[in-house]
file run-v4.cif (mmCIF, C-alpha atoms)
data_my_file
loop_
_atom_site.label_atom_id
_atom_site.label_comp_id
_atom_site.auth_asym_id
_atom_site.auth_seq_id
_atom_site.Cartn_x
_atom_site.Cartn_y
_atom_site.Cartn_z
CA MET A 1 0.00 0.00 0.00
CA ILE A 2 2.74 2.43 1.03
CA ALA A 3 4.84 1.30 -1.93
CA ASN A 4 1.91 1.83 -4.33
CA THR A 5 1.22 5.32 -2.96
CA LEU A 6 4.90 6.24 -3.19
CA THR A 7 5.02 4.92 -6.77
CA VAL A 8 2.07 7.07 -7.80
CA ILE A 9 3.56 10.15 -6.13
CA LEU A 10 7.03 9.62 -7.65
CA ILE A 11 5.72 8.96 -11.17
CA LEU A 12 3.38 11.94 -11.03
CA ALA A 13 6.30 14.13 -9.88
CA GLY A 14 8.37 12.73 -12.76
CA LEU A 15 5.60 13.54 -15.22
CA VAL A 16 5.56 17.13 -13.95
CA PHE A 17 9.25 17.38 -14.83
CA PHE A 18 8.60 15.85 -18.28
CA ALA A 19 5.80 18.35 -18.88
CA ALA A 20 8.02 21.23 -17.76
CA GLY A 21 10.85 20.04 -20.00
CA THR A 22 8.52 19.74 -22.98
CA ALA A 23 7.05 23.17 -22.33
CA GLY A 24 10.59 24.58 -22.19
CA LEU A 25 11.52 22.81 -25.42
CA LEU A 26 8.53 24.32 -27.17
CA ARG A 27 8.55 27.80 -25.63
CA PHE A 28 12.17 28.79 -24.93
CA PRO A 29 13.76 31.18 -27.42
CA ASP A 30 17.12 29.60 -28.39
CA VAL A 31 18.92 26.27 -28.61
CA TYR A 32 20.85 26.61 -25.33
CA SER A 33 17.91 27.35 -23.09
CA ARG A 34 15.86 24.65 -24.81
CA LEU A 35 18.64 22.13 -24.17
CA HIS A 36 18.80 23.31 -20.59
CA ALA A 37 15.09 22.73 -20.12
CA LEU A 38 15.05 19.43 -21.94
CA THR A 39 18.05 17.62 -20.48
CA LYS A 40 17.76 18.79 -16.88
CA ALA A 41 14.03 18.20 -16.68
CA ASP A 42 14.00 14.89 -18.53
CA ASN A 43 16.87 13.44 -16.52
CA VAL A 44 15.21 14.25 -13.19
CA GLY A 45 11.80 13.29 -14.58
CA LEU A 46 13.03 9.93 -15.81
CA GLY A 47 14.89 9.41 -12.53
CA LEU A 48 11.69 9.92 -10.54
CA VAL A 49 9.69 7.61 -12.84
CA ILE A 50 12.40 4.95 -12.52
CA LEU A 51 12.45 5.33 -8.73
CA GLY A 52 8.69 4.87 -8.73
CA LEU A 53 8.95 1.77 -10.92
CA MET A 54 11.73 0.32 -8.74
CA LEU A 55 9.24 0.10 -5.88
CA GLN A 56 7.14 -2.22 -8.09
CA ALA A 57 10.06 -4.36 -9.32
CA ALA A 58 9.97 -8.11 -8.79
CA GLY A 59 13.53 -8.46 -7.53
CA PRO A 60 17.04 -7.03 -7.43
CA ALA A 61 17.65 -7.94 -11.09
CA ASP A 62 14.74 -5.74 -12.23
CA ILE A 63 15.86 -2.90 -9.95
CA LEU A 64 19.36 -3.02 -11.43
CA LYS A 65 17.94 -3.07 -14.97
CA LEU A 66 15.86 0.01 -14.24
CA LEU A 67 18.87 1.75 -12.72
CA LEU A 68 20.93 0.83 -15.80
CA ILE A 69 18.27 2.35 -18.08
CA TRP A 70 18.44 5.61 -16.15
CA VAL A 71 22.25 5.74 -16.18
CA LEU A 72 22.38 4.99 -19.93
CA VAL A 73 19.78 7.65 -20.74
CA LEU A 74 21.71 10.12 -18.55
CA ALA A 75 24.95 9.38 -20.43
CA ALA A 76 23.36 9.48 -23.88
CA GLY A 77 21.27 12.58 -23.13
CA THR A 78 24.21 14.49 -21.71
CA THR A 79 26.42 13.66 -24.68
CA ALA A 80 23.72 14.51 -27.21
CA ALA A 81 23.03 17.83 -25.48
CA HIS A 82 26.74 18.63 -25.43
CA MET A 83 27.08 17.88 -29.14
CA VAL A 84 24.03 19.91 -30.14
CA ALA A 85 25.31 22.82 -28.06
CA GLN A 86 28.80 22.49 -29.56
CA ARG A 87 27.39 22.44 -33.10
CA THR A 88 25.33 25.53 -32.36
CA TRP A 89 28.32 27.31 -30.78
CA THR A 90 30.60 26.75 -33.79
CA HIS A 91 28.11 26.94 -36.66
CA GLY A 92 25.14 28.95 -35.42
CA GLU A 93 21.56 27.83 -35.27
CA PHE A 94 19.76 26.12 -38.12
CA GLU A 95 17.44 28.40 -40.05
CA SER A 96 14.45 26.32 -39.09
CA ASP A 97 15.34 26.69 -35.40
CA ARG A 98 14.25 30.30 -35.31
CA MET B 99 -10.70 0.84 -14.79
CA SER B 100 -7.29 -0.36 -15.88
CA ASN B 101 -8.84 -1.56 -19.15
CA LEU B 102 -10.27 1.89 -19.76
CA LEU B 103 -6.86 3.45 -19.06
CA LEU B 104 -5.22 1.09 -21.56
CA VAL B 105 -7.83 1.94 -24.19
CA ILE B 106 -7.15 5.64 -23.62
CA PHE B 107 -3.38 4.97 -23.88
CA ASP B 108 -3.91 3.08 -27.15
CA LEU B 109 -6.05 5.84 -28.59
CA VAL B 110 -3.47 8.49 -27.66
CA LEU B 111 -0.73 6.32 -29.17
CA LEU B 112 -2.72 5.86 -32.39
CA ALA B 113 -3.41 9.57 -32.62
CA GLY B 114 0.28 10.26 -32.04
CA LEU B 115 1.29 7.78 -34.75
CA LEU B 116 -1.10 9.27 -37.29
CA GLY B 117 -0.15 12.83 -36.34
CA VAL B 118 3.61 12.21 -36.55
CA ALA B 119 3.22 10.31 -39.83
CA TRP B 120 1.22 13.18 -41.30
CA ARG B 121 3.71 15.81 -40.14
CA CYS B 122 6.58 13.69 -41.49
CA LEU B 123 4.99 13.39 -44.94
CA ALA B 124 3.80 16.99 -45.05
CA SER B 125 7.08 18.50 -43.83
CA THR B 126 8.84 20.66 -46.40
CA ASP B 127 12.09 20.55 -44.41
CA LEU B 128 13.88 17.26 -45.05
CA PHE B 129 15.82 17.32 -41.78
CA ARG B 130 12.61 17.77 -39.85
CA ALA B 131 11.00 14.96 -41.85
CA VAL B 132 13.84 12.59 -40.90
CA VAL B 133 13.57 13.49 -37.21
CA LEU B 134 9.82 12.94 -37.36
CA PHE B 135 10.41 9.60 -39.10
CA ILE B 136 12.63 8.51 -36.19
CA THR B 137 9.94 9.64 -33.74
CA PHE B 138 7.41 7.66 -35.76
CA GLY B 139 9.59 4.55 -35.49
CA LEU B 140 9.82 4.86 -31.70
CA LEU B 141 6.05 5.30 -31.36
CA LEU B 142 5.55 2.34 -33.67
CA ALA B 143 7.81 0.24 -31.42
CA LEU B 144 5.52 1.17 -28.51
CA ALA B 145 2.54 0.08 -30.60
CA TRP B 146 4.19 -3.30 -31.22
CA VAL B 147 4.74 -3.67 -27.46
CA ARG B 148 1.03 -3.01 -26.95
CA LEU B 149 0.28 -5.71 -29.56
CA GLU B 150 2.42 -8.09 -27.44
CA ALA B 151 5.05 -8.49 -30.15
CA PRO B 152 8.26 -7.53 -28.30
CA ASP B 153 10.46 -9.10 -31.02
CA ILE B 154 9.10 -6.74 -33.65
CA ALA B 155 9.20 -3.84 -31.19
CA LEU B 156 12.93 -4.43 -30.61
CA ALA B 157 13.59 -4.69 -34.33
CA GLU B 158 11.52 -1.60 -35.09
CA ALA B 159 13.26 0.50 -32.43
CA ALA B 160 16.77 -0.69 -33.35
CA ILE B 161 16.53 -0.91 -37.16
CA GLY B 162 13.44 1.09 -38.13
CA ALA B 163 14.07 4.09 -35.91
CA GLY B 164 17.76 3.89 -34.99
CA ILE B 165 19.74 2.59 -37.94
CA THR B 166 17.41 3.82 -40.69
CA GLY B 167 17.34 7.22 -39.00
CA ALA B 168 21.14 7.34 -38.95
CA LEU B 169 21.28 6.28 -42.62
CA LEU B 170 18.76 8.96 -43.63
CA LEU B 171 20.58 11.66 -41.66
CA VAL B 172 23.98 10.81 -43.15
CA THR B 173 22.45 10.67 -46.64
CA LEU B 174 20.94 14.11 -46.16
CA GLU B 175 24.25 15.54 -44.96
CA ARG B 176 26.08 13.87 -47.84
CA LEU B 177 23.67 15.29 -50.43
CA ARG B 178 24.06 18.74 -48.92
CA SER B 179 27.85 18.61 -48.93
CA ILE B 180 27.96 17.26 -52.51
CA ALA B 181 25.65 20.04 -53.69
CA VAL B 182 27.63 22.77 -51.92
CA GLU B 183 30.92 21.42 -53.27
CA ARG B 184 29.67 21.24 -56.86
CA ARG B 185 28.30 24.76 -56.76
CA ARG B 186 31.52 26.10 -55.28
CA GLY B 187 33.38 24.66 -58.28
CA ARG B 188 31.76 27.06 -60.78
CA PRO B 189 30.51 30.18 -59.04
CA ASP B 190 30.27 32.38 -62.16
CA GLN B 191 28.02 30.12 -64.21
CA PRO B 192 24.24 30.57 -64.24
CA PRO B 193 22.28 28.18 -62.03
CA ASP B 194 21.68 24.82 -63.65
CA PRO B 195 18.05 23.84 -63.05
CA ALA B 196 18.76 20.10 -63.29
CA GLY B 197 22.09 19.89 -61.45
CA ALA B 198 23.50 20.71 -58.06
CA ASP B 199 21.45 23.85 -57.70
CA ALA B 200 18.25 21.90 -58.04
CA LEU B 201 19.49 19.54 -55.32
CA LEU B 202 20.35 22.42 -52.99
CA HIS B 203 17.01 24.01 -53.77
CA ALA B 204 15.19 20.80 -52.94
CA LEU B 205 17.15 20.43 -49.70
CA HIS B 206 16.58 23.94 -48.45
CA ASP B 207 13.44 25.44 -49.93
CA PRO B 208 9.87 24.27 -49.60
CA PRO B 209 8.42 22.85 -52.81
CA PRO B 210 5.80 24.96 -54.61
CA PRO B 211 2.22 24.21 -53.60
CA ARG B 212 0.54 21.75 -55.92
CA ARG B 213 -3.08 20.82 -56.38
CA THR B 214 -2.79 17.26 -55.16
CA PHE B 215 -5.60 17.21 -52.64
CA VAL B 216 -8.34 15.62 -54.79
CA PRO B 217 -6.14 12.87 -56.32
CA ALA B 218 -4.63 12.11 -52.90
CA LEU B 219 -8.03 11.96 -51.24
CA SER B 220 -9.51 9.69 -53.93
CA PHE B 221 -6.46 7.42 -53.77
CA ALA B 222 -6.71 7.20 -49.96
CA LEU B 223 -10.46 6.45 -50.19
CA VAL B 224 -9.96 3.68 -52.76
CA VAL B 225 -7.09 2.02 -50.88
CA GLY B 226 -8.86 2.43 -47.54
CA GLY B 227 -12.05 0.96 -49.02
CA LEU B 228 -10.17 -2.02 -50.41
CA MET B 229 -8.48 -2.66 -47.05
CA VAL B 230 -11.77 -2.42 -45.15
CA THR B 231 -13.38 -4.85 -47.62
CA ALA B 232 -10.48 -7.27 -47.27
CA LEU B 233 -10.59 -7.15 -43.46
CA TRP B 234 -14.38 -7.41 -43.46
CA HIS B 235 -14.30 -10.83 -45.09
CA GLN B 236 -11.53 -12.14 -42.87
CA PRO B 237 -12.48 -15.63 -41.70
CA ASP B 238 -12.26 -16.29 -37.97
CA ALA B 239 -8.98 -18.20 -38.19
CA VAL B 240 -6.82 -18.92 -35.16
CA GLY B 241 -3.67 -18.35 -37.19
CA LEU B 242 -0.61 -20.55 -37.14
CA GLU B 243 -0.05 -20.45 -33.39
CA PRO B 244 -1.36 -24.00 -32.64
CA VAL B 245 0.67 -25.50 -35.49
CA VAL B 246 3.85 -23.79 -34.24
CA ASP B 247 3.18 -24.83 -30.64
CA GLU B 248 2.66 -28.42 -31.75
CA HIS B 249 6.06 -28.58 -33.47
CA MET B 250 8.15 -26.67 -30.90
CA GLY B 251 9.67 -29.99 -29.83
CA VAL B 252 11.52 -30.48 -33.12
CA SER B 253 12.46 -26.81 -33.58
CA GLY B 254 15.55 -26.90 -31.36
CA VAL B 255 14.69 -23.62 -29.59
CA ASP B 256 12.22 -22.54 -26.88
CA HIS B 257 11.01 -19.26 -28.39
CA PRO B 258 8.26 -19.66 -31.00
CA ILE B 259 9.35 -16.57 -33.01
CA THR B 260 12.90 -17.88 -33.34
CA ALA B 261 11.55 -21.33 -34.23
CA VAL B 262 9.53 -19.80 -37.08
CA LEU B 263 12.30 -17.47 -38.24
CA LEU B 264 15.18 -19.91 -38.23
CA ASN B 265 13.56 -23.29 -38.63
CA PHE B 266 10.01 -23.46 -39.97
CA ARG B 267 10.35 -20.46 -42.28
CA ALA B 268 14.15 -20.35 -42.56
CA TYR B 269 13.78 -19.63 -46.27
CA ASP B 270 12.27 -16.18 -45.56
CA THR B 271 15.02 -15.27 -43.10
CA PHE B 272 17.67 -16.47 -45.53
CA LEU B 273 16.25 -14.19 -48.22
CA GLU B 274 16.13 -11.27 -45.75
CA LEU B 275 19.82 -11.73 -45.02
CA ALA B 276 20.53 -11.95 -48.74
CA ILE B 277 18.64 -8.69 -49.35
CA VAL B 278 20.70 -6.89 -46.71
CA LEU B 279 23.84 -8.16 -48.44
CA ILE B 280 22.55 -7.14 -51.89
CA ALA B 281 21.81 -3.64 -50.58
CA LEU B 282 25.44 -3.34 -49.53
CA LEU B 283 26.67 -4.71 -52.86
CA GLY B 284 24.55 -2.05 -54.56
CA ALA B 285 26.11 0.69 -52.44
CA TRP B 286 29.62 -0.67 -53.02
CA SER B 287 29.10 -0.97 -56.77
CA LEU B 288 28.59 2.80 -56.88
CA GLY B 289 32.18 3.47 -55.85
CA ARG B 290 34.72 3.79 -53.08
CA TYR B 291 33.80 5.78 -50.03
CA ASP B 292 34.56 9.42 -49.92
CA ARG B 293 35.00 10.68 -46.39
CA LEU B 294 31.90 11.26 -44.29
CA PRO B 295 30.56 14.81 -44.39
CA ALA B 296 30.74 14.88 -40.58
CA ARG B 297 33.45 16.82 -38.80
CA PRO B 298 35.19 15.20 -35.84
CA ALA B 299 33.46 16.35 -32.67
CA PRO B 300 35.87 18.56 -30.73
CA GLY B 301 36.51 17.82 -27.09
CA PRO B 302 36.73 14.65 -25.04
CA ILE B 303 33.01 14.20 -24.38
CA LEU B 304 32.01 11.99 -27.32
CA PRO B 305 35.06 9.66 -27.20
CA GLY B 306 34.71 9.43 -23.42
CA THR B 307 31.04 8.50 -23.60
CA LEU B 308 31.71 5.99 -26.34
CA ARG B 309 34.37 4.36 -24.22
CA LEU B 310 31.59 3.75 -21.69
CA LEU B 311 28.74 2.97 -24.10
CA VAL B 312 30.36 0.69 -26.68
CA PRO B 313 31.21 -2.10 -24.19
CA VAL B 314 27.64 -1.88 -22.87
CA ALA B 315 26.33 -2.08 -26.44
CA ILE B 316 28.48 -5.14 -27.15
CA VAL B 317 27.28 -6.90 -23.99
CA THR B 318 23.67 -5.98 -24.81
CA GLY B 319 24.02 -7.20 -28.40
CA VAL B 320 25.52 -10.53 -27.39
CA TYR B 321 22.88 -10.92 -24.66
CA ILE B 322 20.04 -10.26 -27.14
CA LEU B 323 21.56 -12.76 -29.56
CA TRP B 324 21.82 -15.40 -26.85
CA ALA B 325 18.36 -14.60 -25.47
CA GLY B 326 16.85 -15.19 -28.92
CA SER B 327 16.63 -18.95 -28.38
CA HIS B 328 14.23 -18.68 -25.45
CA ALA B 329 12.97 -15.07 -25.24
CA PRO B 330 12.43 -12.03 -27.50
CA GLY B 331 15.65 -11.21 -29.32
CA GLY B 332 17.70 -12.67 -32.12
CA ALA B 333 20.15 -11.97 -34.88
CA PHE B 334 18.56 -8.89 -36.48
CA GLN B 335 18.10 -7.02 -33.21
CA ALA B 336 21.55 -7.98 -31.91
CA GLY B 337 23.13 -7.07 -35.25
CA ALA B 338 21.40 -3.70 -35.20
CA ILE B 339 22.69 -2.92 -31.70
CA LEU B 340 26.25 -3.92 -32.57
CA GLY B 341 25.95 -2.00 -35.84
CA ALA B 342 24.81 1.09 -33.94
CA ALA B 343 27.90 0.82 -31.74
CA GLY B 344 30.02 0.64 -34.90
CA ILE B 345 28.28 3.68 -36.40
CA LEU B 346 28.98 5.66 -33.21
CA LEU B 347 32.65 4.68 -33.41
CA VAL B 348 32.74 5.80 -37.06
CA LEU B 349 31.10 9.11 -36.13
CA ALA B 350 33.67 9.72 -33.40
CA ARG B 351 36.52 9.50 -35.92
CA PRO B 352 35.02 10.48 -39.29
CA ARG B 353 38.35 11.55 -40.79
CA ASP B 354 40.26 8.31 -40.37
CA LEU B 355 37.65 5.58 -40.65
CA PRO B 356 38.67 2.44 -38.79
CA MET B 357 38.08 0.14 -41.75
CA ALA B 358 38.86 -3.53 -41.42
CA PRO B 359 41.24 -5.08 -43.95
CA SER B 360 39.50 -6.16 -47.12
CA THR B 361 39.47 -9.98 -46.94
CA PRO B 362 38.28 -10.40 -43.31
CA LEU B 363 35.71 -7.66 -43.90
CA ARG B 364 34.30 -9.46 -46.94
CA LEU B 365 34.28 -12.78 -45.11
CA GLY B 366 32.41 -11.18 -42.22
CA LEU B 367 29.89 -9.49 -44.49
CA THR B 368 29.02 -12.72 -46.29
CA ALA B 369 29.33 -15.07 -43.28
CA GLY B 370 25.61 -15.00 -42.48
CA VAL B 371 24.32 -15.76 -45.97
CA GLY B 372 27.18 -18.14 -46.76
CA LEU B 373 26.88 -20.26 -43.64
CA PHE B 374 23.09 -20.27 -43.81
CA LEU B 375 23.23 -21.49 -47.40
CA ALA B 376 25.95 -24.07 -46.70
CA ILE B 377 24.00 -25.56 -43.78
CA GLY B 378 20.83 -25.43 -45.85
CA ILE B 379 22.40 -27.32 -48.74
CA VAL B 380 23.81 -29.96 -46.38
CA GLY B 381 20.25 -30.39 -45.11
CA LEU B 382 19.18 -31.10 -48.69
CA PHE B 383 21.55 -34.07 -48.92
CA ILE B 384 21.26 -35.63 -45.48
CA GLY B 385 17.49 -35.77 -45.35
CA PRO B 386 15.30 -32.94 -44.08
CA GLY B 387 15.38 -30.90 -47.30
CA LEU B 388 16.75 -27.53 -48.36
CA LEU B 389 17.29 -25.24 -45.32
CA GLY B 390 16.06 -27.95 -42.96
CA TYR B 391 17.96 -29.39 -40.01
CA PRO B 392 17.80 -32.78 -38.31
CA PRO B 393 15.92 -32.13 -35.02
CA GLU B 394 18.79 -33.28 -32.79
CA TRP B 395 21.17 -30.85 -34.52
CA ALA B 396 18.72 -27.96 -34.77
CA TYR B 397 19.84 -26.03 -31.67
CA PRO B 398 23.61 -25.85 -32.39
CA LEU B 399 23.00 -25.15 -36.08
CA ILE B 400 20.55 -22.33 -35.32
CA ILE B 401 23.02 -20.81 -32.85
CA VAL B 402 25.86 -20.97 -35.41
CA ILE B 403 23.67 -19.36 -38.08
CA GLU B 404 22.50 -16.67 -35.68
CA ILE B 405 26.05 -15.78 -34.62
CA ALA B 406 27.20 -15.52 -38.23
CA ALA B 407 24.08 -13.56 -39.20
CA THR B 408 24.57 -11.12 -36.30
CA LEU B 409 28.15 -10.47 -37.35
CA SER B 410 27.15 -9.97 -40.99
CA ILE B 411 24.23 -7.69 -40.17
CA ALA B 412 26.31 -5.52 -37.83
CA LEU B 413 29.15 -5.17 -40.36
CA THR B 414 26.73 -4.54 -43.25
CA LEU B 415 24.91 -1.77 -41.37
CA VAL B 416 28.18 0.00 -40.55
CA ALA B 417 29.39 -0.45 -44.14
CA LEU B 418 26.08 0.95 -45.45
CA PHE B 419 26.50 3.95 -43.16
CA ILE B 420 29.98 4.58 -44.56
CA ALA B 421 28.61 3.74 -48.05
CA GLY B 422 31.21 2.67 -50.56
CA ARG B 423 33.98 0.12 -50.89
CA PRO B 424 36.95 0.43 -48.54
CA ALA B 425 39.68 2.74 -49.79
CA GLY B 426 42.68 1.16 -51.51
CA ASP B 427 40.49 -1.69 -52.75
CA ASP B 428 40.38 -1.77 -56.53
CA HIS B 429 39.45 -5.36 -57.32
#
call {"tool": "encode", "arguments": {"input": "run-v4.cif", "output": "structure tokens"}}
result
Amino acid sequence: MIANTLTVILILAGLVFFAAGTAGLLRFPDVYSRLHALTKADNVGLGLVILGLMLQAAGPADILKLLLIWVLVLAAGTTAAHMVAQRTWTHGEFESDR
Amino acid sequence: MSNLLLVIFDLVLLAGLLGVAWRCLASTDLFRAVVLFITFGLLLALAWVRLEAPDIALAEAAIGAGITGALLLVTLERLRSIAVERRRGRPDQPPDPAGADALLHALHDPPPPRRTFVPALSFALVVGGLMVTALWHQPDAVGLEPVVDEHMGVSGVDHPITAVLLNFRAYDTFLELAIVLIALLGAWSLGRYDRLPARPAPGPILPGTLRLLVPVAIVTGVYILWAGSHAPGGAFQAGAILGAAGILLVLARPRDLPMAPSTPLRLGLTAGVGLFLAIGIVGLFIGPGLLGYPPEWAYPLIIVIEIAATLSIALTLVALFIAGRPAGDDH
């Protein structure tokens, strides 16, 4: 019961972060602030969702798998954000970005 | 309650699929269209999960969204760089409507509006009507599931999908592998590779991440290959994951491509089709027929074929990404 309640709370909190990140992606004016909104919010959002799901996992193997998913998304997201920012810094924004 | 939630989820997913597909087709910006295509592939993978087909979901996410997306993106960048280079070569000449300028124009500018609405609508109505009619008269068949379940004992594996793919319908899988190989031969027959249009990413971030991610990708690929005999997974998914790792390595060092020497590379590329065919022909002579295995040998033979196929698929996908024969190879 406590675990279920905690799961709902954690996943809802994660969804709030996802919504905020998406709103930032859509509404912020340039590439850097959009990246800021997207990566920060999605990483925390996904982390909260994963924490919530861990409480429902069947055993330690599932918990580790969920943790691995989060770490891999963190690594990939960070790198992708860095590369997009680097591209923008050296070459300017795409025309369709504005 | 939970059923209702799932129905709502499915409806949202369907709407998302249709919306993304429409935006992808209607987009006048090719880069945006490719990104939307990748998004479409990921949503489609979710739809396959909802249809309880995790094998197809894995393949769709890895090949349909991931690898195809990478191929489309590199093609777009290549076209752009070819067009820019050609135009730079003769700046004083008038624009050539059929040549590089047309390519650049197509890549950058939206096409002129055309009156295609009525033909498109009538086409969609006719095709949709035909599909509805075909589905309407579908007999209430149970499908092939009982037949497959009945013969799992002689298949050599514990996962029905793998049993169908590599034993009962091995012919189809063999032809799929052959098509992947033919695609590469087509790309190679067009010439040697010119360097990728990508610039090396400055800074230590990408190489550092790859040093972490590539071993994980290799472990995941081998795990998915091994899992294929008793759970969702198999050669195509594993090959796509390993191929993606190879593409990332290529992207990290686009100037000096780490190409394998010619003979081992060719052996690796053809290993899947070659071994599959060899084992299949042996089956023709020792009893079970072309591409059939004796039941007691089925498991080891399937594993051998899957390993070779994984290697071939991974190498072929990387080679397709680079596009073109290895340099210094003029045979």
call {"tool": "resolve_selection", "arguments": {"input": "run-v4.cif", "expression": "the PyMOL selection byres ((chain A) within 9 of (chain B))", "output": "PyMOL selection string"}}
result
chain A and resi 72+75-76+79-80+82-83+86-87+96
call {"tool": "residues_around", "arguments": {"input": "run-v4.cif", "residues": "Val44 of chain A", "least_positions_apart": "3", "cutoff": "10 Å", "atoms": "only C-alpha atoms", "output": "JSON, numbers by chain"}}
result
{"A": [13, 14, 15, 17, 18, 21, 39, 40, 41, 47, 48, 49, 50, 70, 74]}
call {"tool": "residues_around", "arguments": {"input": "run-v4.cif", "residues": "Thr173 of chain B", "least_positions_apart": "2", "cutoff": "12 Å", "atoms": "all atoms listed in the file", "output": "PyMOL selection string"}}
result
chain B and resi 128-129+132+166-171+175-180+205+294-296+418-421
call {"tool": "resolve_selection", "arguments": {"input": "run-v4.cif", "expression": "the PyMOL selection byres ((chain B and resi 141) around 9)", "output": "count of residues only"}}
result
16
call {"tool": "closest_residue", "arguments": {"input": "run-v4.cif", "among": "B:Leu263, B:Val312, B:Ala406, B:Ala151", "to": "Gly341 of chain B", "atoms": "only C-alpha atoms"}}
result
B:Val312
call {"tool": "resolve_selection", "arguments": {"input": "run-v4.cif", "expression": "the PyMOL selection byres ((chain A and resi 4) around 12)", "output": "list in words"}}
result
Met1, Ile2, Ala3, Thr5, Leu6, Thr7, Val8, Ile9, Leu10, Ile11, Leu51, Gly52, Leu53, Met54, Leu55, Gln56 and Ala57 of chain A
